[in-house]
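Enquirer: I'm passing along entry.txt; it holds compact mmCIF, C-alpha atoms and all ligand atoms.
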```txt
# COMPACT_ATOMS: atom_id res chain seq x y z
CA MET A 1 264.56 145.37 81.08
CA THR A 2 264.85 142.02 82.77
CA GLY A 3 265.94 143.36 86.15
CA ARG A 4 269.52 142.15 85.76
CA PRO A 5 272.31 144.75 85.58
CA PHE A 6 273.27 145.94 82.12
CA ARG A 7 276.14 143.77 80.92
CA THR A 8 278.94 146.07 79.90
CA ALA A 9 282.27 145.70 78.10
CA LEU A 10 285.13 148.17 78.00
CA VAL A 11 287.09 148.56 74.79
CA GLY A 12 290.40 150.26 75.46
CA PHE A 13 291.79 149.98 78.96
CA GLY A 14 293.73 153.21 79.23
CA TRP A 15 293.15 156.20 81.47
CA ILE A 16 289.50 156.97 80.80
CA ASN A 17 288.16 153.43 80.97
CA ALA A 18 290.37 152.18 83.81
CA GLN A 19 290.30 155.32 85.99
CA VAL A 20 286.96 156.94 85.22
CA TRP A 21 284.45 154.46 83.83
CA LEU A 22 285.38 151.17 85.47
CA PRO A 23 285.10 152.40 89.10
CA ARG A 24 281.80 154.09 88.34
CA LEU A 25 280.37 151.08 86.54
CA ARG A 26 281.47 148.75 89.32
CA ALA A 27 279.89 150.98 91.97
CA HIS A 28 276.59 151.23 90.07
CA ARG A 29 274.03 148.55 90.83
CA HIS A 30 272.54 148.71 87.34
CA PHE A 31 275.79 147.89 85.54
CA GLU A 32 278.07 144.88 85.51
CA VAL A 33 281.43 144.86 83.74
CA VAL A 34 281.74 141.47 82.08
CA GLY A 35 284.54 141.94 79.55
CA VAL A 36 287.49 144.09 78.55
CA TYR A 37 289.47 144.29 75.35
CA ASP A 38 292.71 146.17 74.86
CA PRO A 39 295.48 144.75 72.66
CA VAL A 40 298.05 145.62 75.32
CA LEU A 41 296.17 143.64 77.98
CA ALA A 42 295.57 140.76 75.63
CA THR A 43 299.27 140.41 74.84
CA ARG A 44 301.04 141.24 78.09
CA GLY A 45 298.95 142.74 80.87
CA ARG A 46 296.08 140.35 81.57
CA ALA A 47 296.85 140.13 85.30
CA ALA A 48 296.79 143.95 85.62
CA VAL A 49 292.98 143.99 85.57
CA GLY A 50 293.03 142.22 88.95
CA ASP A 51 294.21 145.51 90.51
CA HIS A 52 290.98 147.02 89.22
CA GLY A 53 288.76 144.31 90.67
CA LEU A 54 288.24 142.39 87.42
CA ALA A 55 288.90 138.72 86.86
CA PRO A 56 291.80 138.06 84.42
CA GLY A 57 289.32 135.85 82.54
CA SER A 58 287.28 138.91 81.62
CA VAL A 59 290.07 140.03 79.26
CA ALA A 60 289.21 139.13 75.67
CA ASP A 61 291.87 138.04 73.19
CA ARG A 62 290.06 139.66 70.29
CA LEU A 63 287.51 142.45 70.08
CA GLU A 64 284.88 140.12 68.59
CA ASP A 65 285.22 137.71 71.53
CA LEU A 66 283.44 140.26 73.72
CA LEU A 67 280.25 139.60 71.76
CA ALA A 68 280.00 136.18 73.38
CA HIS A 69 279.19 137.92 76.69
CA ASP A 70 275.55 138.74 75.84
CA LEU A 71 276.34 142.45 76.11
CA ASP A 72 273.97 145.37 76.57
CA LEU A 73 276.58 148.13 76.39
CA VAL A 74 280.11 148.79 75.21
CA VAL A 75 282.15 151.76 76.40
CA VAL A 76 284.54 152.87 73.67
CA GLY A 77 287.71 154.40 75.14
CA THR A 78 290.20 153.82 72.33
CA PRO A 79 292.36 156.34 70.45
CA ASN A 80 290.14 158.71 68.47
CA HIS A 81 290.70 157.25 64.99
CA LEU A 82 289.26 153.89 66.15
CA HIS A 83 285.97 155.15 67.61
CA GLU A 84 283.90 154.61 64.49
CA GLN A 85 285.08 151.12 63.60
CA THR A 86 284.99 149.95 67.23
CA ALA A 87 281.52 151.27 68.01
CA GLY A 88 280.26 150.09 64.60
CA THR A 89 281.22 146.48 65.36
CA PHE A 90 278.98 146.53 68.43
CA LEU A 91 276.09 148.45 66.86
CA ASP A 92 276.01 145.82 64.09
CA ALA A 93 275.56 143.19 66.80
CA GLY A 94 272.75 145.14 68.51
CA VAL A 95 274.92 146.29 71.45
CA ALA A 96 274.43 149.92 72.54
CA ALA A 97 277.54 152.11 72.71
CA LEU A 98 278.81 154.91 74.91
CA ILE A 99 281.58 156.49 72.84
CA GLU A 100 284.22 158.74 74.32
CA LYS A 101 284.73 162.17 72.86
CA PRO A 102 285.50 163.06 70.18
CA LEU A 103 282.53 161.03 68.97
CA CYS A 104 284.45 160.43 65.73
CA LEU A 105 286.61 162.44 63.37
CA SER A 106 284.27 163.34 60.51
CA THR A 107 280.64 163.86 59.66
CA ASP A 108 281.00 161.00 57.18
CA GLU A 109 282.09 158.67 59.98
CA LEU A 110 279.10 159.77 62.04
CA GLY A 111 276.81 159.17 59.08
CA ARG A 112 278.11 155.59 58.82
CA LEU A 113 277.65 154.99 62.56
CA ASN A 114 274.17 156.37 62.34
CA ALA A 115 273.30 154.06 59.44
CA ARG A 116 274.54 151.05 61.42
CA SER A 117 272.49 152.16 64.43
CA TRP A 118 269.33 152.45 62.30
CA ALA A 119 270.00 149.05 60.71
CA THR A 120 269.85 147.21 64.04
CA GLY A 121 267.71 149.69 65.99
CA THR A 122 270.54 150.11 68.50
CA PRO A 123 271.18 153.37 70.36
CA PHE A 124 274.54 155.06 70.83
CA GLN A 125 275.69 158.06 72.72
CA ILE A 126 278.73 160.24 73.06
CA SER A 127 280.12 160.90 76.51
CA ARG A 128 279.42 164.61 77.12
CA PRO A 129 280.01 165.06 80.85
CA SER A 130 280.88 168.77 80.72
CA ALA A 131 277.51 169.61 79.21
CA ARG A 132 275.92 167.73 82.14
CA ARG A 133 277.63 169.75 84.88
CA LEU A 134 275.26 171.47 87.28
CA ASP A 135 277.04 174.82 86.94
CA VAL A 136 276.88 174.59 83.15
CA ASP A 137 273.20 173.75 83.39
CA ARG A 138 272.68 176.78 85.63
CA LEU A 139 274.60 179.02 83.24
CA ARG A 140 272.46 177.75 80.35
CA SER A 141 269.22 178.57 82.17
CA LEU A 142 270.45 182.00 83.26
CA VAL A 143 271.39 182.86 79.68
CA ARG A 144 267.96 181.75 78.48
CA GLN A 145 266.25 183.64 81.29
CA TRP A 146 268.06 186.95 80.88
CA CYS A 147 269.41 187.35 77.40
CA VAL A 148 267.20 188.16 74.47
CA GLY A 149 268.65 188.21 70.97
CA PRO A 150 272.22 187.49 70.01
CA VAL A 151 274.94 186.64 72.52
CA GLN A 152 278.72 186.84 72.40
CA VAL A 153 280.19 183.66 73.88
CA HIS A 154 283.82 183.18 74.80
CA ALA A 155 285.03 179.85 76.18
CA GLU A 156 288.53 178.73 77.00
CA TRP A 157 290.18 175.82 78.74
CA LEU A 158 293.80 176.56 79.46
CA ARG A 159 296.04 174.06 81.19
CA THR A 160 299.38 174.96 82.67
CA SER A 161 301.05 171.71 81.70
CA GLY A 162 298.61 169.15 80.44
CA VAL A 163 299.68 167.49 77.22
CA PRO A 164 298.24 163.98 77.41
CA ARG A 165 301.19 161.63 77.03
CA PRO A 166 303.45 163.52 74.61
CA GLY A 167 304.67 161.18 71.89
CA SER A 168 301.67 158.82 72.22
CA TRP A 169 298.65 158.57 69.89
CA PHE A 170 297.33 161.79 71.51
CA THR A 171 299.98 163.89 69.79
CA ARG A 172 299.83 162.07 66.44
CA ARG A 173 297.55 163.63 63.88
CA ASP A 174 296.95 160.31 62.09
CA GLN A 175 295.45 158.82 65.30
CA ALA A 176 294.08 161.76 67.26
CA GLY A 177 292.95 163.90 64.31
CA GLY A 178 294.06 167.05 66.12
CA GLY A 179 295.42 168.32 69.41
CA ALA A 180 294.11 170.57 72.17
CA LEU A 181 291.21 171.98 70.13
CA ILE A 182 289.62 168.57 69.54
CA ASP A 183 290.66 167.20 72.94
CA LEU A 184 289.63 170.01 75.32
CA GLY A 185 287.80 172.11 72.75
CA TRP A 186 285.25 169.33 72.22
CA HIS A 187 284.01 169.83 75.80
CA LEU A 188 283.85 173.60 75.30
CA ALA A 189 281.98 173.22 72.03
CA GLU A 190 279.41 170.89 73.65
CA VAL A 191 278.88 173.41 76.46
CA THR A 192 278.67 176.51 74.30
CA HIS A 193 276.46 174.94 71.65
CA GLY A 194 273.70 174.99 74.27
CA LEU A 195 274.20 178.72 74.88
CA LEU A 196 273.66 179.93 71.33
CA PRO A 197 270.08 180.95 70.49
CA ASP A 198 270.42 180.07 66.80
CA PRO A 199 273.35 177.79 65.93
CA ARG A 200 273.21 178.43 62.16
CA ARG A 201 276.76 179.46 61.34
CA THR A 202 277.68 182.09 58.76
CA SER A 203 281.47 182.23 59.07
CA LEU A 204 284.36 180.46 60.73
CA THR A 205 288.06 181.07 61.17
CA ALA A 206 290.53 178.99 63.17
CA GLU A 207 294.18 178.99 64.16
CA LEU A 208 296.24 176.00 65.24
CA ALA A 209 299.63 176.54 66.85
CA PHE A 210 302.55 174.36 65.87
CA PRO A 211 304.22 172.30 68.59
CA THR A 212 307.57 173.47 69.87
CA ALA A 213 310.34 171.49 71.53
CA ASP A 214 308.82 172.61 74.90
CA SER A 215 305.42 171.09 74.06
CA ALA A 216 306.74 167.58 74.64
CA GLN A 217 307.89 168.52 78.14
CA SER A 218 304.42 169.57 79.29
CA GLY A 219 302.92 166.17 80.10
CA ALA A 220 299.78 165.96 82.25
CA ARG A 221 301.45 164.38 85.28
CA TRP A 222 298.15 164.00 87.15
CA ARG A 223 297.15 161.44 84.53
CA GLY A 224 300.40 159.63 85.27
CA ASP A 225 301.71 161.19 82.05
CA GLY A 226 305.24 162.58 82.22
CA PRO A 227 307.26 164.14 79.47
CA ALA A 228 307.74 161.89 76.47
CA THR A 229 310.00 159.02 77.29
CA ASP A 230 311.14 158.92 73.69
CA ALA A 231 313.28 161.91 72.78
CA LEU A 232 311.15 164.39 70.89
CA ASP A 233 313.54 166.48 68.95
CA GLY A 234 311.75 169.44 67.46
CA PRO A 235 308.17 169.96 66.40
CA ASP A 236 307.61 166.81 64.41
CA ALA A 237 308.88 163.26 64.30
CA SER A 238 312.02 162.26 66.15
CA PRO A 239 314.36 159.68 64.64
CA ASP A 240 312.88 156.94 66.87
CA GLY A 241 309.37 157.59 65.64
CA ALA A 242 307.83 159.57 68.55
CA VAL A 243 305.61 162.12 66.90
CA PHE A 244 304.11 165.43 68.03
CA ASP A 245 302.40 166.92 65.00
CA VAL A 246 299.14 168.28 66.50
CA GLU A 247 298.48 171.73 67.93
CA PRO A 248 299.15 172.26 71.64
CA ASP A 249 296.98 175.38 71.42
CA GLY A 250 294.05 176.04 69.08
CA ARG A 251 291.30 178.59 68.69
CA LEU A 252 288.30 179.33 66.53
CA LEU A 253 285.93 182.20 65.90
CA ALA A 254 282.43 181.59 64.55
CA HIS A 255 279.63 184.00 63.65
CA TYR A 256 275.96 183.06 63.52
CA ARG A 257 272.98 184.16 61.52
CA ASP A 258 271.32 185.99 64.44
CA GLY A 259 274.43 188.11 65.13
CA SER A 260 275.80 185.86 67.89
CA SER A 261 279.48 184.95 67.97
CA LEU A 262 281.57 182.23 69.56
CA THR A 263 285.26 182.18 70.35
CA LEU A 264 286.86 179.01 71.68
CA ARG A 265 290.42 178.49 72.81
CA ALA A 266 291.88 175.26 74.14
CA ALA A 267 295.50 174.91 75.22
CA TRP A 268 297.37 172.02 76.77
CA ALA A 269 300.18 174.27 77.98
CA ALA A 270 299.44 177.95 78.56
CA ASP A 271 300.70 180.79 80.68
CA VAL A 272 298.18 180.42 83.52
CA ASP A 273 298.69 179.77 87.23
CA VAL A 274 296.15 176.94 87.46
CA ASP A 275 294.21 174.89 84.93
CA THR A 276 291.32 177.19 84.12
CA THR A 277 288.05 176.77 82.28
CA ARG A 278 286.16 179.98 81.61
CA VAL A 279 282.86 180.42 79.82
CA ALA A 280 281.66 184.00 79.43
CA VAL A 281 278.47 185.23 77.79
CA ARG A 282 277.53 188.80 76.96
CA GLY A 283 274.01 189.64 75.93
CA THR A 284 271.19 192.08 76.36
CA GLY A 285 268.21 191.74 78.68
CA ALA A 286 264.58 192.41 77.73
CA ASP A 287 264.95 195.84 79.38
CA GLY A 288 267.89 196.69 77.10
CA GLU A 289 270.38 196.36 79.93
CA GLU A 290 273.64 194.55 79.22
CA CYS A 291 274.11 191.15 80.96
CA HIS A 292 277.46 189.54 81.55
CA LEU A 293 277.52 185.95 82.79
CA GLU A 294 280.71 184.12 83.61
CA LEU A 295 281.66 180.67 84.87
CA VAL A 296 285.27 180.28 86.01
CA THR A 297 286.28 176.81 87.18
CA THR A 298 288.36 173.78 86.20
CA PHE A 299 286.71 171.10 84.10
CA GLY A 300 287.95 167.53 84.39
CA PHE A 301 290.16 165.87 86.98
CA SER A 302 293.29 167.99 87.16
CA PRO A 303 294.27 168.65 90.79
CA ASN A 304 295.79 171.96 89.69
CA ARG A 305 292.41 173.67 89.98
CA VAL A 306 290.85 177.10 90.33
CA THR A 307 290.60 177.48 94.11
CA HIS A 308 287.35 179.43 94.22
CA PRO A 309 285.25 178.47 91.22
CA VAL A 310 282.46 180.92 90.55
CA LEU A 311 279.39 181.49 88.43
CA ARG A 312 278.51 185.18 88.45
CA VAL A 313 276.12 187.44 86.65
CA ARG A 314 276.42 191.18 86.25
CA ARG A 315 273.55 193.36 85.05
CA GLY A 316 274.29 197.05 84.99
CA ASP A 317 275.93 197.75 88.37
CA ARG A 318 274.31 194.74 90.11
CA SER A 319 276.03 191.39 90.44
CA ARG A 320 275.14 188.02 91.91
CA GLN A 321 276.86 184.65 92.36
CA TRP A 322 275.60 181.08 92.22
CA PRO A 323 276.99 177.84 93.61
CA VAL A 324 279.20 175.83 91.28
CA GLU A 325 280.17 172.20 90.92
CA THR A 326 283.11 171.57 93.26
CA VAL A 327 283.48 167.78 93.36
CA PRO A 328 285.65 166.68 90.42
CA GLY A 329 284.02 163.90 88.46
CA LYS A 330 280.36 164.35 89.43
CA GLU A 331 279.55 165.12 85.83
CA TYR A 332 280.73 161.61 84.90
CA ASP A 333 278.19 160.17 87.34
CA ALA A 334 275.58 162.27 85.57
CA GLN A 335 276.80 160.88 82.23
CA LEU A 336 276.34 157.34 83.49
CA ASP A 337 272.80 158.13 84.63
CA SER A 338 272.09 159.41 81.17
CA THR A 339 273.54 156.23 79.63
CA LEU A 340 271.24 154.23 81.89
CA SER A 341 268.29 156.23 80.57
CA MET A 342 269.43 155.52 77.01
CA LEU A 343 269.54 151.78 77.73
CA ARG A 344 266.07 151.97 79.26
CA ARG A 345 264.90 153.84 76.17
CA ASN A 346 263.95 156.87 78.29
CA LEU A 347 266.33 159.34 76.67
CA PRO A 348 265.91 161.36 73.46
CA TRP A 349 269.39 160.20 72.51
CA ARG A 350 269.03 161.09 68.84
CA ALA A 351 268.32 164.72 69.78
CA GLU A 352 271.47 164.77 71.93
CA LEU A 353 273.40 163.24 69.09
CA GLN A 354 272.12 165.95 66.77
CA SER A 355 273.69 168.55 69.04
CA SER A 356 276.98 166.62 69.16
CA ALA A 357 276.83 166.32 65.36
CA ALA A 358 276.85 170.13 65.22
CA VAL A 359 279.87 170.13 67.57
CA LEU A 360 281.63 167.68 65.29
CA ALA A 361 280.81 169.82 62.23
CA LEU A 362 282.14 172.96 63.95
CA LEU A 363 285.46 171.35 64.84
CA GLU A 364 285.74 169.48 61.58
CA ASP A 365 285.25 172.75 59.68
CA ALA A 366 287.64 174.61 62.02
CA TYR A 367 290.46 172.16 61.31
CA ARG A 368 289.73 172.33 57.60
CA VAL A 369 289.78 176.13 57.43
CA ALA A 370 293.01 176.10 59.44
CA GLY A 371 294.51 173.90 56.71
CA ARG A 372 294.96 170.75 58.85
CA PRO A 373 291.79 168.65 58.42
CA LEU A 374 291.04 166.04 61.09
CA VAL A 375 290.88 163.34 58.43
CA PRO A 376 293.04 164.50 55.54
CA GLU A 377 291.27 162.55 52.78
CA VAL A 378 287.71 163.68 53.63
CA PRO A 379 286.30 165.81 50.79
CA ALA A 380 284.57 169.12 51.65
CA ARG A 381 281.12 168.48 53.14
CA ALA A 382 278.12 170.49 52.08
CA ALA A 383 277.61 173.25 54.68
CA GLY A 384 274.98 172.41 57.28
CA ALA A 385 274.61 168.75 56.27
CA VAL A 386 274.31 166.95 59.59
CA PRO A 387 273.24 163.32 59.34
CA CYS A 388 271.11 162.41 62.36
N1 LIG B 401 285.66 162.64 78.49
C1 LIG B 401 286.85 162.90 78.99
O1 LIG B 401 286.99 163.68 79.90
C2 LIG B 401 288.05 162.16 78.43
C3 LIG B 401 289.23 162.16 79.15
C4 LIG B 401 290.31 161.43 78.64
C5 LIG B 401 290.19 160.75 77.44
N2 LIG B 401 289.02 160.80 76.75
C6 LIG B 401 288.90 160.10 75.47
O2 LIG B 401 288.95 158.70 75.72
C7 LIG B 401 289.66 158.03 74.67
C8 LIG B 401 290.83 157.26 75.29
O3 LIG B 401 291.64 158.18 76.00
P1 LIG B 401 292.62 157.69 77.19
O4 LIG B 401 293.01 158.91 77.91
O5 LIG B 401 292.01 156.57 77.92
O6 LIG B 401 293.84 157.19 76.30
P2 LIG B 401 294.90 156.06 76.71
O7 LIG B 401 295.99 156.16 75.73
O8 LIG B 401 295.21 156.15 78.15
O9 LIG B 401 294.09 154.69 76.47
C9 LIG B 401 293.72 154.24 75.19
C10 LIG B 401 293.79 152.71 75.22
O10 LIG B 401 293.28 152.20 74.00
C11 LIG B 401 294.03 151.03 73.71
N3 LIG B 401 293.89 150.65 72.30
C12 LIG B 401 294.69 150.98 71.26
N4 LIG B 401 294.22 150.37 70.14
C13 LIG B 401 293.12 149.66 70.50
C14 LIG B 401 292.22 148.84 69.80
N5 LIG B 401 292.35 148.60 68.48
N6 LIG B 401 291.21 148.25 70.48
C15 LIG B 401 291.06 148.47 71.81
N7 LIG B 401 291.89 149.26 72.53
C16 LIG B 401 292.91 149.85 71.87
C17 LIG B 401 295.45 151.38 74.11
O11 LIG B 401 296.24 150.20 74.31
C18 LIG B 401 295.21 152.16 75.38
O12 LIG B 401 295.29 151.33 76.52
C19 LIG B 401 290.08 159.11 73.71
O13 LIG B 401 289.19 159.19 72.64
C20 LIG B 401 290.04 160.38 74.53
O14 LIG B 401 289.76 161.55 73.76
C21 LIG B 401 287.96 161.47 77.23
```
Could you quickly redo this structure as structure tokens?
Expert:
Amino acid sequence: MTGRPFRTALVGFGWINAQVWLPRLRAHRHFEVVGVYDPVLATRGRAAVGDHGLAPGSVADRLEDLLAHDLDLVVVGTPNHLHEQTAGTFLDAGVAALIEKPLCLSTDELGRLNARSWATGTPFQISRPSARRLDVDRLRSLVRQWCVGPVQVHAEWLRTSGVPRPGSWFTRRDQAGGGALIDLGWHLAEVTHGLLPDPRRTSLTAELAFPTADSAQSGARWRGDGPATDALDGPDASPDGAVFDVEPDGRLLAHYRDGSSLTLRAAWAADVDVDTTRVAVRGTGADGEECHLELVTTFGFSPNRVTHPVLRVRRGDRSRQWPVETVPGKEYDAQLDSTLSMLRRNLPWRAELQSSAAVLALLEDAYRVAGRPLVPEVPARAAGAVPC
């Protein structure tokens, strides 16, 4: 480390990079944003970066032009199907990458990224803010402290009306891979992976709902996303090409070798009063008494939040509560700190990646058993083969 800030480029200048990462990077004394690439900016929006405090000259015409900026880090915030090829370009050039979730869409893609990282000795990381929340961390330690043996984990993230831009790449299977289960479910899978004592899976089932005509009307307005501007007529493609062919609601059930189980449900539009994230764990204490731990909150930035988030534990007839994270977005600050540690080579980033590889395998397998694989042409992967 030379003492200068880490020179950072953003690839993709949509919601996550413009609203979440750029302000944090600009406020952080150890980072400097020196370049941006997004085809939309390059063709018609160059001046728009001025509103975000960037010089129009920082907008690159081509992805490769960013490499002229002597970069230390790239933040990949593109549609899901481009994560691998985008991050790979920078890893080949020795530039570390922070890749938005989902890390990529198949274990094969991750294997290729990993090979490119080994070839140049360059680290990469997936953004996993939810797993870095303080309340999630507390839940994890309470489970470890009190539960012996198998646990039954149930996690759900249900939004009232939160389809990200209906009709955009988010709702197209060929670009997003899947819908709510990969979008919100990825966060849940990262969080719950850390709660399972032995993550060796023995069985998996999954269900993916089909979109209805109503799905397209449930845009996440807090993102600035309204209902689809293109008419979406029915569950699939409309005559003008707007597509909604991913699940607005998905769930999976997994069993593990030690007797633990995991159920996940993620829904963009559900029958709930407020956007709710709930992670519940049932287990048994060393004294044989049943423990029930539950975190009820709202992950992410939606303003339509659980009013009194809570982390509570019940053992027999005794119950206790712990403080929870209440400031939306703090977990993204924690993510950036972790990225800084990766750049300083102080983070066991390959171990973290191993855990995210298991998350990828779980979701990849879930979509396959539900009959709608994330990447249709990927052949069946040998069970348990995780390349990290
Ligand atoms: N961690 C989180 O909480 C979180 C939240 C939202 C989105 N995400 C993830 O971030 C990624 C982007 O999501 P978003 O909400 O910003 O979507 P978005 O649609 O708002 O932005 C995506 C941007 O990528 C650009 N793009 C398209 N093709 C490109 C290319 N070839 N090269 C560079 N840019 C290209 C688009 O023009 C668009 O501006 C997704 O993978 C999504 O899953 C993560």
Enquirer: Sorted by chain and rising residue number, list the residues of chain A at most 9 Å from ligand LIG 401 (chain B) (counting all atoms listed in the file), each with its closest atom pair and distance in Å to one decimal, as JSON lines.
Expert:
```
{"residue": "A:Leu10", "atom": "CA", "partner": "B:LIG401", "partner_atom": "C15", "distance": 8.6}
{"residue": "A:Val11", "atom": "CA", "partner": "B:LIG401", "partner_atom": "C15", "distance": 5.0}
{"residue": "A:Gly12", "atom": "CA", "partner": "B:LIG401", "partner_atom": "N7", "distance": 3.4}
{"residue": "A:Phe13", "atom": "CA", "partner": "B:LIG401", "partner_atom": "O12", "distance": 4.5}
{"residue": "A:Gly14", "atom": "CA", "partner": "B:LIG401", "partner_atom": "O9", "distance": 3.2}
{"residue": "A:Trp15", "atom": "CA", "partner": "B:LIG401", "partner_atom": "O5", "distance": 3.7}
{"residue": "A:Ile16", "atom": "CA", "partner": "B:LIG401", "partner_atom": "O5", "distance": 3.8}
{"residue": "A:Asn17", "atom": "CA", "partner": "B:LIG401", "partner_atom": "O5", "distance": 5.8}
{"residue": "A:Ala18", "atom": "CA", "partner": "B:LIG401", "partner_atom": "O5", "distance": 7.5}
{"residue": "A:Gln19", "atom": "CA", "partner": "B:LIG401", "partner_atom": "O5", "distance": 8.3}
{"residue": "A:Val20", "atom": "CA", "partner": "B:LIG401", "partner_atom": "C3", "distance": 8.3}
{"residue": "A:Val36", "atom": "CA", "partner": "B:LIG401", "partner_atom": "C15", "distance": 8.8}
{"residue": "A:Tyr37", "atom": "CA", "partner": "B:LIG401", "partner_atom": "C15", "distance": 5.7}
{"residue": "A:Asp38", "atom": "CA", "partner": "B:LIG401", "partner_atom": "N7", "distance": 4.0}
{"residue": "A:Pro39", "atom": "CA", "partner": "B:LIG401", "partner_atom": "O11", "distance": 5.7}
{"residue": "A:Val40", "atom": "CA", "partner": "B:LIG401", "partner_atom": "O11", "distance": 5.0}
{"residue": "A:Leu41", "atom": "CA", "partner": "B:LIG401", "partner_atom": "O11", "distance": 7.5}
{"residue": "A:Arg62", "atom": "CA", "partner": "B:LIG401", "partner_atom": "N6", "distance": 8.7}
{"residue": "A:Leu63", "atom": "CA", "partner": "B:LIG401", "partner_atom": "N6", "distance": 6.9}
{"residue": "A:Val76", "atom": "CA", "partner": "B:LIG401", "partner_atom": "C7", "distance": 7.3}
{"residue": "A:Gly77", "atom": "CA", "partner": "B:LIG401", "partner_atom": "C7", "distance": 4.1}
{"residue": "A:Thr78", "atom": "CA", "partner": "B:LIG401", "partner_atom": "O10", "distance": 3.9}
{"residue": "A:Pro79", "atom": "CA", "partner": "B:LIG401", "partner_atom": "O13", "distance": 4.8}
{"residue": "A:Asn80", "atom": "CA", "partner": "B:LIG401", "partner_atom": "O13", "distance": 4.3}
{"residue": "A:His81", "atom": "CA", "partner": "B:LIG401", "partner_atom": "O13", "distance": 8.0}
{"residue": "A:Leu82", "atom": "CA", "partner": "B:LIG401", "partner_atom": "N5", "distance": 6.6}
{"residue": "A:His83", "atom": "CA", "partner": "B:LIG401", "partner_atom": "O13", "distance": 7.2}
{"residue": "A:Thr86", "atom": "CA", "partner": "B:LIG401", "partner_atom": "N6", "distance": 7.2}
{"residue": "A:Ile99", "atom": "CA", "partner": "B:LIG401", "partner_atom": "O13", "distance": 8.1}
{"residue": "A:Glu100", "atom": "CA", "partner": "B:LIG401", "partner_atom": "O2", "distance": 4.9}
{"residue": "A:Lys101", "atom": "CA", "partner": "B:LIG401", "partner_atom": "O14", "distance": 5.1}
{"residue": "A:Pro102", "atom": "CA", "partner": "B:LIG401", "partner_atom": "O14", "distance": 5.8}
{"residue": "A:Leu103", "atom": "CA", "partner": "B:LIG401", "partner_atom": "O13", "distance": 7.8}
{"residue": "A:Cys104", "atom": "CA", "partner": "B:LIG401", "partner_atom": "O13", "distance": 8.5}
{"residue": "A:Ser127", "atom": "CA", "partner": "B:LIG401", "partner_atom": "N1", "distance": 6.1}
{"residue": "A:Arg128", "atom": "CA", "partner": "B:LIG401", "partner_atom": "N1", "distance": 6.7}
{"residue": "A:Pro129", "atom": "CA", "partner": "B:LIG401", "partner_atom": "N1", "distance": 6.6}
{"residue": "A:Ser130", "atom": "CA", "partner": "B:LIG401", "partner_atom": "O1", "distance": 8.0}
{"residue": "A:Pro164", "atom": "CA", "partner": "B:LIG401", "partner_atom": "O4", "distance": 7.3}
{"residue": "A:Arg165", "atom": "CA", "partner": "B:LIG401", "partner_atom": "O7", "distance": 7.7}
{"residue": "A:Ser168", "atom": "CA", "partner": "B:LIG401", "partner_atom": "O7", "distance": 7.2}
{"residue": "A:Trp169", "atom": "CA", "partner": "B:LIG401", "partner_atom": "O7", "distance": 6.9}
{"residue": "A:Phe170", "atom": "CA", "partner": "B:LIG401", "partner_atom": "O7", "distance": 7.2}
{"residue": "A:Ala176", "atom": "CA", "partner": "B:LIG401", "partner_atom": "O13", "distance": 7.7}
{"residue": "A:Ile182", "atom": "CA", "partner": "B:LIG401", "partner_atom": "O14", "distance": 8.2}
{"residue": "A:Asp183", "atom": "CA", "partner": "B:LIG401", "partner_atom": "O14", "distance": 5.8}
{"residue": "A:Leu184", "atom": "CA", "partner": "B:LIG401", "partner_atom": "O1", "distance": 8.2}
{"residue": "A:His187", "atom": "CA", "partner": "B:LIG401", "partner_atom": "N1", "distance": 7.9}
{"residue": "A:Arg223", "atom": "CA", "partner": "B:LIG401", "partner_atom": "O4", "distance": 8.2}
{"residue": "A:Phe299", "atom": "CA", "partner": "B:LIG401", "partner_atom": "O1", "distance": 8.5}
{"residue": "A:Gly300", "atom": "CA", "partner": "B:LIG401", "partner_atom": "O1", "distance": 6.0}
{"residue": "A:Phe301", "atom": "CA", "partner": "B:LIG401", "partner_atom": "O1", "distance": 8.1}
{"residue": "A:Tyr332", "atom": "CA", "partner": "B:LIG401", "partner_atom": "N1", "distance": 8.2}
```
Enquirer: Would you kindly return, as a PyMOL selection string, each protein, DNA or RNA residue with an atom no farther than 12 Å from any atom of A:Trp118, considering all atoms listed in the file and excluding same-chain residues fewer than 5 positions away?
Expert: chain A and resi 88+91-92+94+96+111-113+123-124+350+387-388
Enquirer: Which distance in Å separates atom CA of A:Ala242 and atom CA of A:Ala269, to one decimal?
Expert: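 Taking atom CA of A:Ala242 and atom CA of A:Ala269, their separation equals 19.1 Å.
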Enquirer: Go through A:His30, A:Arg116, A:Arg368, A:Arg314 and flag the residue nearest A:Leu73, using all atoms listed in the file for the distances.
Expert: A:His30
Enquirer: Using all atoms of stretch 309-315 of chain A listed in the file and a margin of 8 Å per side, can you give the axis-aligned box centre and edge lengths in Å to one decimal, as lines of an AutoDock Vina configuration file?
Expert:
```
center_x = 279.4
center_y = 185.9
center_z = 88.1
size_x = 27.7
size_y = 30.9
size_z = 22.2
```
Enquirer: Measuring atom to atom with only C-alpha atoms, identify which of A:Phe31, A:Trp268, A:Trp157, A:Phe244 is nearest to A:Pro211.
Expert: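 Smallest separation from A:Pro211 among the options: A:Phe244.
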Enquirer: Using only C-alpha atoms, determine which residues lie at most 7 Å from A:Arg312, disregarding the query and same-chain residues fewer than 4 positions distant; provide the list as a CSV table (one decimal) with C-alpha atoms, in the coordinates of the input.
Expert:
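Output below, filename part18.csv:
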```
chain,number,residue,atom,x,y,z
A,293,LEU,CA,277.5,186.0,82.8
A,294,GLU,CA,280.7,184.1,83.6
A,295,LEU,CA,281.7,180.7,84.9
A,319,SER,CA,276.0,191.4,90.4
A,320,ARG,CA,275.1,188.0,91.9
A,321,GLN,CA,276.9,184.6,92.4
A,322,TRP,CA,275.6,181.1,92.2
```
